[in-house]
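Shown next: structure_3.cif, containing mmCIF, C-alpha atoms.
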```cif
data_target
#
loop_
_atom_site.label_atom_id
_atom_site.label_comp_id
_atom_site.auth_asym_id
_atom_site.auth_seq_id
_atom_site.Cartn_x
_atom_site.Cartn_y
_atom_site.Cartn_z
CA MET A 2 12.07 -8.85 -24.89
CA ALA A 3 9.07 -9.14 -22.58
CA ARG A 4 8.36 -6.54 -19.90
CA ALA A 5 6.70 -6.87 -16.49
CA PHE A 6 4.41 -4.55 -14.52
CA LEU A 7 3.57 -5.19 -10.85
CA ILE A 8 0.72 -2.93 -9.74
CA VAL A 9 -0.19 -2.69 -6.06
CA MET A 10 -3.68 -1.43 -5.22
CA ASP A 11 -2.79 -0.30 -1.71
CA SER A 12 -5.06 -1.96 0.92
CA VAL A 13 -7.37 -3.73 -1.58
CA GLY A 14 -7.59 -6.99 0.38
CA CYS A 15 -10.04 -9.83 -0.18
CA GLY A 16 -10.45 -11.36 3.28
CA GLY A 17 -9.69 -14.85 4.48
CA ALA A 18 -6.31 -14.40 6.19
CA PRO A 19 -5.91 -17.51 8.36
CA ASP A 20 -4.20 -15.54 11.16
CA ALA A 21 -6.55 -12.53 11.15
CA GLY A 22 -7.56 -13.24 14.75
CA ALA A 23 -4.09 -12.24 15.93
CA PHE A 24 -4.52 -8.68 14.57
CA PHE A 25 -6.84 -6.03 15.99
CA ASN A 26 -8.72 -2.81 15.24
CA ALA A 27 -9.98 -0.82 18.23
CA GLY A 28 -9.76 -3.99 20.30
CA VAL A 29 -11.72 -6.09 17.78
CA PRO A 30 -9.90 -8.94 16.01
CA ASP A 31 -9.67 -8.71 12.22
CA THR A 32 -11.37 -12.09 11.81
CA GLY A 33 -13.90 -11.68 9.01
CA ALA A 34 -12.53 -8.41 7.64
CA ASN A 35 -12.85 -8.30 3.84
CA THR A 36 -12.19 -5.03 2.05
CA LEU A 37 -13.43 -6.02 -1.42
CA GLY A 38 -16.12 -8.41 -0.23
CA HIS A 39 -17.73 -5.95 2.14
CA ILE A 40 -17.55 -3.08 -0.35
CA ALA A 41 -19.28 -5.26 -2.97
CA GLU A 42 -21.98 -6.23 -0.46
CA ALA A 43 -22.53 -2.61 0.58
CA CYS A 44 -22.83 -1.46 -3.03
CA ALA A 45 -25.34 -4.19 -3.86
CA ALA A 46 -27.41 -3.29 -0.78
CA GLY A 47 -27.56 0.41 -1.68
CA ARG A 48 -25.26 1.46 1.19
CA ALA A 49 -22.60 3.08 -1.01
CA GLU A 50 -24.53 5.72 -2.91
CA GLU A 51 -22.46 8.86 -2.28
CA GLY A 52 -20.90 9.92 -5.58
CA ARG A 53 -21.78 6.61 -7.25
CA THR A 54 -24.67 4.16 -7.36
CA GLY A 55 -25.61 0.51 -7.75
CA PRO A 56 -23.56 -2.70 -7.59
CA LEU A 57 -19.77 -2.49 -7.68
CA ARG A 58 -18.68 -2.27 -11.33
CA MET A 59 -15.14 -3.46 -12.09
CA PRO A 60 -15.50 -5.30 -15.42
CA ASN A 61 -11.84 -5.18 -16.46
CA LEU A 62 -10.30 -6.62 -13.31
CA ASP A 63 -13.26 -8.96 -12.86
CA ALA A 64 -12.52 -10.33 -16.33
CA LEU A 65 -9.03 -11.20 -15.07
CA GLY A 66 -10.57 -13.01 -12.08
CA LEU A 67 -11.24 -10.45 -9.32
CA GLY A 68 -14.57 -11.89 -8.15
CA ALA A 69 -13.20 -15.43 -8.36
CA ALA A 70 -10.17 -14.42 -6.28
CA ILE A 71 -12.37 -12.96 -3.52
CA ARG A 72 -14.48 -16.11 -3.41
CA LEU A 73 -11.37 -18.30 -3.31
CA ALA A 74 -9.73 -16.25 -0.53
CA SER A 75 -12.69 -15.93 1.79
CA GLY A 76 -15.79 -17.67 0.46
CA ALA A 77 -17.56 -14.31 0.39
CA LYS A 78 -20.33 -13.52 -2.03
CA THR A 79 -19.30 -11.06 -4.74
CA PRO A 80 -22.39 -9.26 -6.06
CA GLY A 81 -21.52 -7.45 -9.28
CA LEU A 82 -18.29 -9.43 -9.72
CA GLY A 83 -19.33 -12.66 -11.40
CA ALA A 84 -17.37 -12.74 -14.66
CA ARG A 85 -15.86 -15.95 -15.98
CA PRO A 86 -12.11 -15.26 -15.64
CA ALA A 87 -10.14 -14.80 -18.84
CA GLY A 88 -6.82 -14.28 -17.01
CA ARG A 89 -4.79 -16.10 -14.38
CA TRP A 90 -6.16 -15.53 -10.91
CA GLY A 91 -5.70 -16.48 -7.28
CA ALA A 92 -5.11 -15.00 -3.85
CA ALA A 93 -1.94 -14.54 -1.80
CA THR A 94 -1.32 -15.07 1.91
CA GLU A 95 1.29 -13.09 3.86
CA VAL A 96 3.68 -14.65 6.39
CA SER A 97 5.35 -11.47 7.71
CA LYS A 98 4.04 -10.49 11.14
CA GLY A 99 2.61 -7.16 10.14
CA LYS A 100 -0.29 -5.70 8.17
CA ASP A 101 1.68 -2.70 6.99
CA THR A 102 3.02 -1.22 3.77
CA PRO A 103 6.71 -2.26 4.00
CA SER A 104 5.92 -5.84 5.06
CA GLY A 105 3.47 -6.35 2.21
CA HIS A 106 5.61 -4.77 -0.50
CA TRP A 107 8.87 -6.41 0.57
CA GLU A 108 7.24 -9.83 0.71
CA LEU A 109 5.61 -9.31 -2.71
CA ALA A 110 9.14 -8.54 -3.91
CA GLY A 111 10.44 -11.82 -2.51
CA VAL A 112 11.64 -10.85 0.98
CA PRO A 113 9.44 -11.68 3.99
CA VAL A 114 10.22 -9.58 7.07
CA PRO A 115 12.45 -11.65 9.42
CA TRP A 116 11.79 -9.61 12.58
CA ASP A 117 8.88 -8.38 14.65
CA TRP A 118 8.16 -4.68 14.17
CA ALA A 119 8.18 -2.35 17.16
CA TYR A 120 4.93 -0.58 18.01
CA PHE A 121 4.25 2.30 20.35
CA PRO A 122 1.75 1.72 23.18
CA ALA A 123 -1.74 3.22 22.97
CA THR A 124 -1.03 5.44 25.95
CA GLU A 125 -0.45 9.15 26.49
CA PRO A 126 2.41 9.77 26.27
CA ALA A 127 3.13 7.11 23.65
CA PHE A 128 6.82 7.81 23.08
CA PRO A 129 9.80 7.24 25.41
CA ASP A 130 11.41 10.32 26.94
CA ALA A 131 14.71 9.72 25.13
CA LEU A 132 12.99 9.82 21.74
CA VAL A 133 11.08 12.99 22.63
CA SER A 134 14.32 14.64 23.73
CA GLU A 135 15.98 13.71 20.46
CA VAL A 136 13.06 15.13 18.44
CA CYS A 137 13.27 18.39 20.37
CA ALA A 138 17.03 18.62 19.96
CA LYS A 139 16.91 18.00 16.23
CA ALA A 140 13.87 20.26 15.71
CA GLY A 141 15.27 23.04 17.90
CA THR A 142 12.08 23.19 19.98
CA GLU A 143 11.31 22.96 23.70
CA GLY A 144 8.68 20.29 23.24
CA ILE A 145 6.41 18.32 20.92
CA LEU A 146 2.64 18.14 20.48
CA GLY A 147 0.57 14.98 20.25
CA ASN A 148 2.68 12.15 21.64
CA CYS A 149 -0.20 9.72 21.11
CA HIS A 150 -2.04 7.41 18.72
CA ALA A 151 -4.16 9.46 16.33
CA SER A 152 -5.67 9.87 12.89
CA GLY A 153 -3.57 12.27 10.85
CA THR A 154 -6.40 14.51 9.74
CA GLU A 155 -7.94 14.57 13.23
CA ILE A 156 -4.74 15.50 15.06
CA ILE A 157 -3.93 18.26 12.60
CA ALA A 158 -7.41 19.73 13.06
CA ARG A 159 -7.06 19.45 16.86
CA LEU A 160 -3.47 20.66 17.32
CA GLY A 161 -2.73 22.66 14.16
CA GLU A 162 -3.48 26.03 15.78
CA GLU A 163 -1.24 25.26 18.77
CA HIS A 164 1.47 24.12 16.36
CA LEU A 165 1.31 27.48 14.57
CA ARG A 166 1.53 29.29 17.92
CA THR A 167 4.37 27.27 19.47
CA GLY A 168 6.27 25.98 16.46
CA TRP A 169 6.38 22.53 18.08
CA PRO A 170 6.08 19.53 15.72
CA ILE A 171 3.01 17.30 16.00
CA CYS A 172 4.20 13.72 16.65
CA TYR A 173 1.87 10.74 16.55
CA THR A 174 1.63 7.06 15.65
CA SER A 175 -0.97 4.40 14.83
CA ALA A 176 -1.44 0.65 15.09
CA ASP A 177 1.26 0.41 12.40
CA SER A 178 4.98 0.51 13.18
CA VAL A 179 5.34 4.22 12.35
CA PHE A 180 6.46 7.53 13.82
CA GLN A 181 4.76 10.44 12.06
CA ILE A 182 5.48 14.15 12.27
CA ALA A 183 2.99 16.72 10.99
CA ALA A 184 4.05 20.31 10.47
CA HIS A 185 2.87 23.36 8.54
CA GLU A 186 4.69 23.71 5.23
CA GLU A 187 4.97 27.48 5.53
CA SER A 188 5.37 28.30 9.23
CA PHE A 189 7.53 25.28 10.12
CA GLY A 190 8.91 24.72 6.62
CA LEU A 191 8.70 21.71 4.33
CA GLU A 192 12.45 21.25 3.96
CA ARG A 193 12.89 21.52 7.73
CA LEU A 194 10.20 18.88 8.32
CA VAL A 195 11.70 16.45 5.81
CA ALA A 196 15.20 16.99 7.20
CA LEU A 197 13.93 16.36 10.73
CA CYS A 198 12.32 13.04 9.74
CA GLU A 199 15.42 11.97 7.83
CA ALA A 200 17.65 12.79 10.82
CA LEU A 201 15.43 10.81 13.20
CA ALA A 202 15.09 7.77 10.93
CA PRO A 203 18.28 5.95 12.06
CA THR A 204 17.15 6.05 15.68
CA LEU A 205 13.65 4.80 14.88
CA HIS A 206 14.95 2.13 12.52
CA ALA A 207 17.34 0.84 15.19
CA MET A 208 14.24 0.41 17.37
CA LYS A 209 12.66 -1.62 14.49
CA VAL A 210 10.03 1.05 13.88
CA GLY A 211 9.29 0.59 10.19
CA ARG A 212 8.80 4.13 8.93
CA VAL A 213 9.30 7.76 9.85
CA ILE A 214 6.77 9.80 7.88
CA ALA A 215 6.76 13.53 7.19
CA ARG A 216 3.14 14.76 7.03
CA PRO A 217 3.10 18.39 5.81
CA PHE A 218 -0.07 20.46 5.81
CA VAL A 219 -1.18 23.96 4.88
CA GLY A 220 -4.06 26.28 5.69
CA ALA A 221 -5.41 28.11 8.72
CA PRO A 222 -7.29 26.99 11.84
CA GLY A 223 -10.55 25.34 10.83
CA ASN A 224 -9.25 24.70 7.32
CA PHE A 225 -6.03 22.69 7.54
CA THR A 226 -5.29 20.37 4.61
CA ARG A 227 -2.53 17.78 4.18
CA THR A 228 -0.46 18.22 1.03
CA ALA A 229 0.98 15.72 -1.44
CA ASN A 230 4.54 16.37 -0.21
CA ARG A 231 4.56 13.42 2.19
CA ARG A 232 7.89 11.64 2.58
CA ASP A 233 8.45 8.17 4.02
CA PHE A 234 11.78 7.08 5.46
CA ALA A 235 11.53 3.29 5.68
CA ILE A 236 13.93 0.69 6.99
CA ALA A 237 15.91 -0.78 4.12
CA PRO A 238 14.85 -4.32 3.15
CA PRO A 239 16.91 -6.98 4.94
CA ALA A 240 17.94 -8.70 1.69
CA PRO A 241 17.99 -7.97 -2.06
CA THR A 242 14.47 -7.73 -3.46
CA LEU A 243 12.95 -8.24 -6.89
CA LEU A 244 14.03 -4.70 -7.81
CA ASP A 245 17.65 -5.59 -6.98
CA TRP A 246 17.46 -8.91 -8.86
CA VAL A 247 16.25 -7.20 -12.03
CA ALA A 248 18.69 -4.29 -11.79
CA GLU A 249 21.63 -6.61 -11.14
CA ALA A 250 20.64 -8.61 -14.23
CA GLY A 251 21.11 -5.43 -16.28
CA PHE A 252 17.48 -4.54 -16.93
CA ALA A 253 15.77 -1.19 -16.38
CA THR A 254 13.57 -0.69 -13.32
CA HIS A 255 10.84 1.92 -12.86
CA ALA A 256 9.14 2.87 -9.57
CA VAL A 257 5.76 4.61 -9.66
CA GLY A 258 4.47 6.37 -6.53
CA LYS A 259 5.62 5.34 -3.03
CA ILE A 260 7.83 2.47 -4.22
CA GLY A 261 11.02 4.52 -3.96
CA ASP A 262 10.34 5.35 -0.30
CA ILE A 263 9.25 1.80 0.58
CA PHE A 264 12.44 0.26 -0.82
CA SER A 265 14.82 3.06 0.23
CA MET A 266 15.54 3.57 -3.50
CA ARG A 267 17.37 0.24 -3.67
CA GLY A 268 17.32 -1.34 -7.11
CA ILE A 269 15.37 1.57 -8.61
CA GLY A 270 16.58 3.03 -11.87
CA LYS A 271 13.97 5.74 -12.41
CA LEU A 272 11.37 7.20 -10.07
CA HIS A 273 7.98 8.43 -11.31
CA LYS A 274 6.04 10.59 -8.84
CA GLY A 275 2.72 12.42 -8.86
CA LYS A 276 0.43 14.41 -6.60
CA SER A 277 -2.46 11.95 -6.88
CA ASP A 278 -3.34 8.47 -8.06
CA ALA A 279 -4.68 10.07 -11.23
CA ASP A 280 -1.25 11.60 -11.86
CA LEU A 281 0.44 8.28 -11.11
CA PHE A 282 -1.80 6.43 -13.53
CA GLU A 283 -0.76 8.80 -16.27
CA GLN A 284 2.84 7.87 -15.45
CA LEU A 285 1.93 4.17 -15.69
CA MET A 286 0.15 4.72 -18.99
CA GLY A 287 3.24 6.40 -20.34
CA LEU A 288 5.42 3.51 -19.25
CA ALA A 289 3.10 1.06 -21.01
CA GLY A 290 4.22 2.78 -24.19
CA SER A 291 7.81 3.69 -23.38
CA ALA A 292 9.30 1.23 -20.87
CA GLU A 293 12.33 -0.58 -22.25
CA PRO A 294 12.34 -4.23 -23.40
CA GLY A 295 13.07 -6.48 -20.43
CA SER A 296 12.16 -3.74 -17.95
CA PHE A 297 10.30 -4.05 -14.67
CA THR A 298 7.80 -1.43 -13.50
CA PHE A 299 6.62 -1.51 -9.87
CA ALA A 300 3.68 0.80 -9.08
CA ASN A 301 1.75 1.69 -5.94
CA PHE A 302 -1.64 3.43 -5.84
CA VAL A 303 -2.10 4.65 -2.28
CA GLU A 304 -5.37 6.59 -2.20
CA PHE A 305 -7.60 3.54 -1.63
CA ASP A 306 -5.80 3.29 1.71
CA SER A 307 -4.94 6.85 2.66
CA ILE A 308 -8.15 8.62 1.65
CA TYR A 309 -10.88 5.99 1.92
CA GLY A 310 -9.81 2.98 3.98
CA HIS A 311 -8.51 4.73 7.09
CA ARG A 312 -11.46 7.13 6.99
CA ARG A 313 -13.92 4.21 6.68
CA ASP A 314 -15.52 5.72 3.57
CA ILE A 315 -17.25 2.84 1.77
CA SER A 316 -18.76 4.95 -1.03
CA GLY A 317 -15.49 6.75 -1.69
CA TYR A 318 -13.54 3.49 -1.73
CA ALA A 319 -16.05 1.93 -4.16
CA GLY A 320 -15.86 4.94 -6.45
CA ALA A 321 -12.07 4.82 -6.42
CA LEU A 322 -12.13 1.12 -7.32
CA GLU A 323 -14.45 1.79 -10.25
CA TRP A 324 -12.27 4.65 -11.48
CA PHE A 325 -9.18 2.48 -11.20
CA ASP A 326 -10.83 -0.37 -13.10
CA GLU A 327 -11.66 1.90 -16.01
CA ARG A 328 -8.06 3.12 -16.18
CA ALA A 329 -6.77 -0.44 -15.83
CA GLY A 330 -8.74 -1.43 -18.92
CA ALA A 331 -7.12 1.38 -20.91
CA PHE A 332 -3.68 0.39 -19.57
CA LEU A 333 -4.08 -3.25 -20.58
CA LYS A 334 -4.91 -2.22 -24.15
CA ARG A 335 -1.57 -0.39 -24.38
CA LEU A 336 0.57 -3.37 -23.41
CA ARG A 337 2.66 -5.20 -26.00
CA PRO A 338 2.51 -8.90 -26.87
CA GLY A 339 4.54 -10.82 -24.30
CA ASP A 340 4.11 -8.25 -21.52
CA LEU A 341 3.09 -9.44 -18.05
CA ALA A 342 0.91 -7.34 -15.74
CA ILE A 343 0.01 -8.42 -12.20
CA PHE A 344 -2.56 -6.53 -10.11
CA THR A 345 -2.41 -7.24 -6.37
CA ALA A 346 -2.40 -5.53 -2.94
CA ASP A 347 -0.19 -5.29 0.15
CA HIS A 348 -2.78 -5.70 2.96
CA GLY A 349 -6.42 -4.84 3.64
CA ASN A 350 -8.18 -1.76 5.01
CA ASP A 351 -11.84 -2.72 5.23
CA PRO A 352 -13.85 0.54 5.29
CA SER A 353 -16.75 -1.27 6.99
CA TRP A 354 -14.59 -2.48 9.91
CA SER A 355 -14.13 -1.16 13.43
CA GLY A 356 -11.28 1.21 14.19
CA SER A 357 -9.32 3.06 11.55
CA ASP A 358 -6.29 0.89 10.81
CA HIS A 359 -5.31 -1.75 8.27
CA THR A 360 -6.98 -5.15 8.36
CA ARG A 361 -5.18 -8.50 8.08
CA GLU A 362 -6.36 -10.10 4.81
CA ARG A 363 -5.32 -12.14 1.84
CA VAL A 364 -4.93 -10.16 -1.38
CA PRO A 365 -6.07 -10.84 -4.95
CA VAL A 366 -3.50 -11.81 -7.57
CA LEU A 367 -4.72 -11.04 -11.11
CA VAL A 368 -2.43 -11.81 -14.03
CA HIS A 369 -2.62 -10.50 -17.61
CA GLY A 370 -0.34 -11.98 -20.24
CA ALA A 371 0.03 -15.55 -18.92
CA GLY A 372 -3.06 -17.29 -20.24
CA ALA A 373 -6.15 -18.18 -18.22
CA GLY A 374 -6.81 -20.37 -15.21
CA GLU A 375 -6.65 -20.56 -11.45
CA ILE A 376 -3.31 -20.30 -9.66
CA GLY A 377 -4.93 -21.02 -6.30
CA LEU A 378 -3.77 -19.80 -2.90
CA VAL A 379 -0.17 -18.67 -3.23
CA ALA A 380 2.39 -16.84 -1.09
CA PHE A 381 3.15 -13.15 -1.36
CA ALA A 382 6.74 -14.06 -2.25
CA ASP A 383 5.48 -16.14 -5.19
CA VAL A 384 4.48 -12.89 -6.90
CA GLY A 385 8.08 -11.66 -7.01
CA ALA A 386 9.35 -15.05 -8.12
CA SER A 387 6.81 -15.10 -10.96
CA VAL A 388 7.82 -11.65 -12.22
CA ALA A 389 11.48 -12.72 -12.12
CA ALA A 390 10.69 -15.92 -14.03
CA HIS A 391 8.85 -13.95 -16.71
CA LEU A 392 11.88 -11.68 -17.17
CA GLY A 393 14.33 -14.57 -17.18
CA VAL A 394 15.92 -13.40 -13.93
CA ALA A 395 16.91 -15.90 -11.25
CA PRO A 396 14.73 -15.41 -8.15
CA ARG A 397 16.09 -15.63 -4.61
CA GLY A 398 14.37 -16.38 -1.35
CA PRO A 399 11.32 -18.52 -0.62
CA GLY A 400 9.06 -17.63 -3.56
CA ARG A 401 8.11 -19.98 -6.39
CA SER A 402 6.72 -18.96 -9.78
CA PHE A 403 3.06 -19.66 -10.46
CA LEU A 404 3.41 -19.04 -14.21
CA GLY A 405 3.46 -22.70 -15.19
CA PRO A 406 0.48 -24.47 -16.75
CA ALA A 407 -2.90 -23.27 -15.48
CA ALA A 408 -4.44 -25.30 -12.69
CA SER A 409 -7.55 -27.28 -13.56
CA HIS A 410 -10.91 -26.16 -12.16
#
```

Render the structure in this file as structure tokens.
Amino acid sequence: MARAFLIVMDSVGCGGAPDAGAFFNAGVPDTGANTLGHIAEACAAGRAEEGRTGPLRMPNLDALGLGAAIRLASGAKTPGLGARPAGRWGAATEVSKGKDTPSGHWELAGVPVPWDWAYFPATEPAFPDALVSEVCAKAGTEGILGNCHASGTEIIARLGEEHLRTGWPICYTSADSVFQIAAHEESFGLERLVALCEALAPTLHAMKVGRVIARPFVGAPGNFTRTANRRDFAIAPPAPTLLDWVAEAGFATHAVGKIGDIFSMRGIGKLHKGKSDADLFEQLMGLAGSAEPGSFTFANFVEFDSIYGHRRDISGYAGALEWFDERAGAFLKRLRPGDLAIFTADHGNDPSWSGSDHTRERVPVLVHGAGAGEIGLVAFADVGASVAAHLGVAPRGPGRSFLGPAASH
């Protein structure tokens, strides 16, 4: 029986979202943001030379249609990405009213978000008094630090020493619908931090705040470093997703990386974790050889977003893309006849853009194992419906499979 692999390159958007003007970064609308397009332009112009050099090189994904997908989505030039596609390719447009991780992943899995997320105001303090009181009660502290919008690495550097002195948790948010708590793994305690976030999650979820995130760090003043022990407590999807459809049909499901947190472990048979994207790719490579017939593997690679996009590091993002492309080529060679692999993204995070938050973009949809040809502009939910169709599982919701005959050029 055929298998399916859905691989999300977190934040690897390709521009062109028709409603980008309704989303903002540091007061600037996202109109014109294009993660892949602007990285390719920067590389070709010699503006991404730290740790790498020259035009953006992604021959394996470009052979599936990466450059063509960027041009379709946004009309952008794609220097270095000009291959004639040998796979199925297109770009997907999101309808959920958010440019965040849960919205993108749920909609890819067939379930658009039916509500508006709650966001905290960009004021100080950012959080209502009742929420602060609950944090203090559950943490056993007299107060909190932060209480503002902030970059995670910046606020740890700024408040980490005071956190060590007072024992108060560092609470902050961003333009996303999130409530984040940073605490020192040793002085505050990792288990205590995770338990605190888990205990607060029902309150935040009732407010329609999408995620409560534990952000542990280690080190001393002047040398604080976040660890890989992050935990996300996300609202459960509002309806059964692709993972549920496959599991209910009796097939094995595998979640690589953040997928378990994003879907609240619903429909997930086995979880595969790692401390880095390199670790996670080794897990994916193993599943290419060992995943059961009829199984579905859902993988997320977060470092494009967490390390390079939010920090507006064009060179680092380009280098990560090139590393990923090389590993993707090795992965594709391990697949079996009849396997389907789809590479896509959940939103954008243009490292050339203003601000430090996600950008509203279309995402590439690159398909191995379904012939060659353009699928055009599709919906996020069509990705989940296509995976289900490949596995012979009945899809639910608004998505429609794009795995029929290839569209003519």

Residues near A:Asn26, anyone? I mean within 10 Å using only C-alpha atoms, not counting same-chain ones fewer than 6 positions away, as a list in words. Ala176, Trp354, Ser355, Gly356, Ser357, Asp358, His359, Thr360 and Arg361 of chain A

Show me as a list in words the residues that reach within 10 Å of (-4.9, 3.8, -17.1), counting all atoms listed in the file and using the file's own coordinates. Ala279, Leu281, Phe282, Glu283, Gln284, Leu285, Met286, Gly287, Ala289, Trp324, Phe325, Asp326, Glu327, Arg328, Ala329, Gly330, Ala331, Phe332, Leu333, Lys334 and Arg335 of chain A

Please write as a compact mmCIF listing (two decimals) with C-alpha atoms, in the frame of the given file the list of polymer residues whose atoms come within 10 Å of (5.7, 19.3, 23.1), counting only C-alpha atoms and keeping to the coordinates of the file.
```
# COMPACT_ATOMS: atom_id res chain seq x y z
CA VAL A 133 11.08 12.99 22.63
CA SER A 134 14.32 14.64 23.73
CA VAL A 136 13.06 15.13 18.44
CA CYS A 137 13.27 18.39 20.37
CA THR A 142 12.08 23.19 19.98
CA GLU A 143 11.31 22.96 23.70
CA GLY A 144 8.68 20.29 23.24
CA ILE A 145 6.41 18.32 20.92
CA LEU A 146 2.64 18.14 20.48
CA GLY A 147 0.57 14.98 20.25
CA ASN A 148 2.68 12.15 21.64
CA HIS A 164 1.47 24.12 16.36
CA THR A 167 4.37 27.27 19.47
CA GLY A 168 6.27 25.98 16.46
CA TRP A 169 6.38 22.53 18.08
CA PRO A 170 6.08 19.53 15.72
CA ILE A 171 3.01 17.30 16.00
CA CYS A 172 4.20 13.72 16.65
```

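Straight-line separation from atom CA of A:Ile260 to atom CA of A:Gly211: 14.6 Å.
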
How far is it from atom CA of A:Asp347 to atom CA of A:Ile308, in Å with one decimal? 16.1 Å

Can you give me, as a PyMOL selection string, the residues this file yields under the PyMOL selection byres ((chain A and resi 229) around 9)? chain A and resi 216-218+227-228+230-232+275-277

Keeping C-alpha atoms, export the residues of the selection given above as a PDB file, keeping the file's coordinate frame.
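So out17.pdb came out as:
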```
ATOM      1  CA  ARG A 216       3.140  14.760   7.030  1.00  0.00           C
ATOM      2  CA  PRO A 217       3.100  18.390   5.810  1.00  0.00           C
ATOM      3  CA  PHE A 218      -0.070  20.460   5.810  1.00  0.00           C
ATOM      4  CA  ARG A 227      -2.530  17.780   4.180  1.00  0.00           C
ATOM      5  CA  THR A 228      -0.460  18.220   1.030  1.00  0.00           C
ATOM      6  CA  ASN A 230       4.540  16.370  -0.210  1.00  0.00           C
ATOM      7  CA  ARG A 231       4.560  13.420   2.190  1.00  0.00           C
ATOM      8  CA  ARG A 232       7.890  11.640   2.580  1.00  0.00           C
ATOM      9  CA  GLY A 275       2.720  12.420  -8.860  1.00  0.00           C
ATOM     10  CA  LYS A 276       0.430  14.410  -6.600  1.00  0.00           C
ATOM     11  CA  SER A 277      -2.460  11.950  -6.880  1.00  0.00           C
TER      12      SER A 277
END
```

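From atom CA of A:Thr79 back to atom CA of A:Leu37, the distance works out to 8.4 Å.
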
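In this comparison, which uses all atoms listed in the file, the residue of A:Ile263, A:Val257, A:Val29, A:Leu73 approaching A:Asn301 most closely is A:Val257.
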
Enumerate, as a VMD selection string, the residues matched when the PyMOL selection byres ((chain A and resi 95) around 7) is run on the file above. chain A and resid 93 to 94 96 to 97 363 380 to 381

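Counting all atoms listed in the file and comparing A:Ala382, A:Ala151, A:Arg85, A:Gly268, the residue that lies closest to A:Pro126 is A:Ala151.
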
Close residues, A:Gly99 itself excluded, 10 Å, only C-alpha atoms, min 6 positions apart in chain, as an MDAnalysis selection string: chainID A and resid 24 105 114 116:118 177:178 348 359:361

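Residues selected in this file by the PyMOL selection byres ((chain A and resi 192-205) around 7) comprise Lys139, Ala140, Ala184, Phe189, Gly190, Leu191, His206, Ala207, Met208, Lys209, Val210, Val213, Ile214, Ala215, Arg232 and Phe234 of chain A.
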
At a cut-off of 8 Å, using all atoms listed in the file, what residues contact A:Val219? Leave out same-chain residues fewer than 6 positions from it and give the result as number ranges by chain. A: 185-187, 225-228

With distances taken over all atoms listed in the file, the candidate from A:Arg4, A:His255, A:His369, A:His106 nearest A:Ile269 is A:His255

Given 4 Å on each side, where is the centre and what are the edge lengths in Å to one decimal of the axis-aligned box enclosing the listed atoms of stretch 203-214 of chain A, as JSON?
```
{"center_x": 12.5, "center_y": 4.1, "center_z": 12.6, "size_x": 19.5, "size_y": 19.4, "size_z": 17.5}
```

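The residue that comes closest to A:Ala69, out of A:Pro129, A:Pro113, A:Gly374, A:Pro238 and on the basis of only C-alpha atoms, is A:Gly374.
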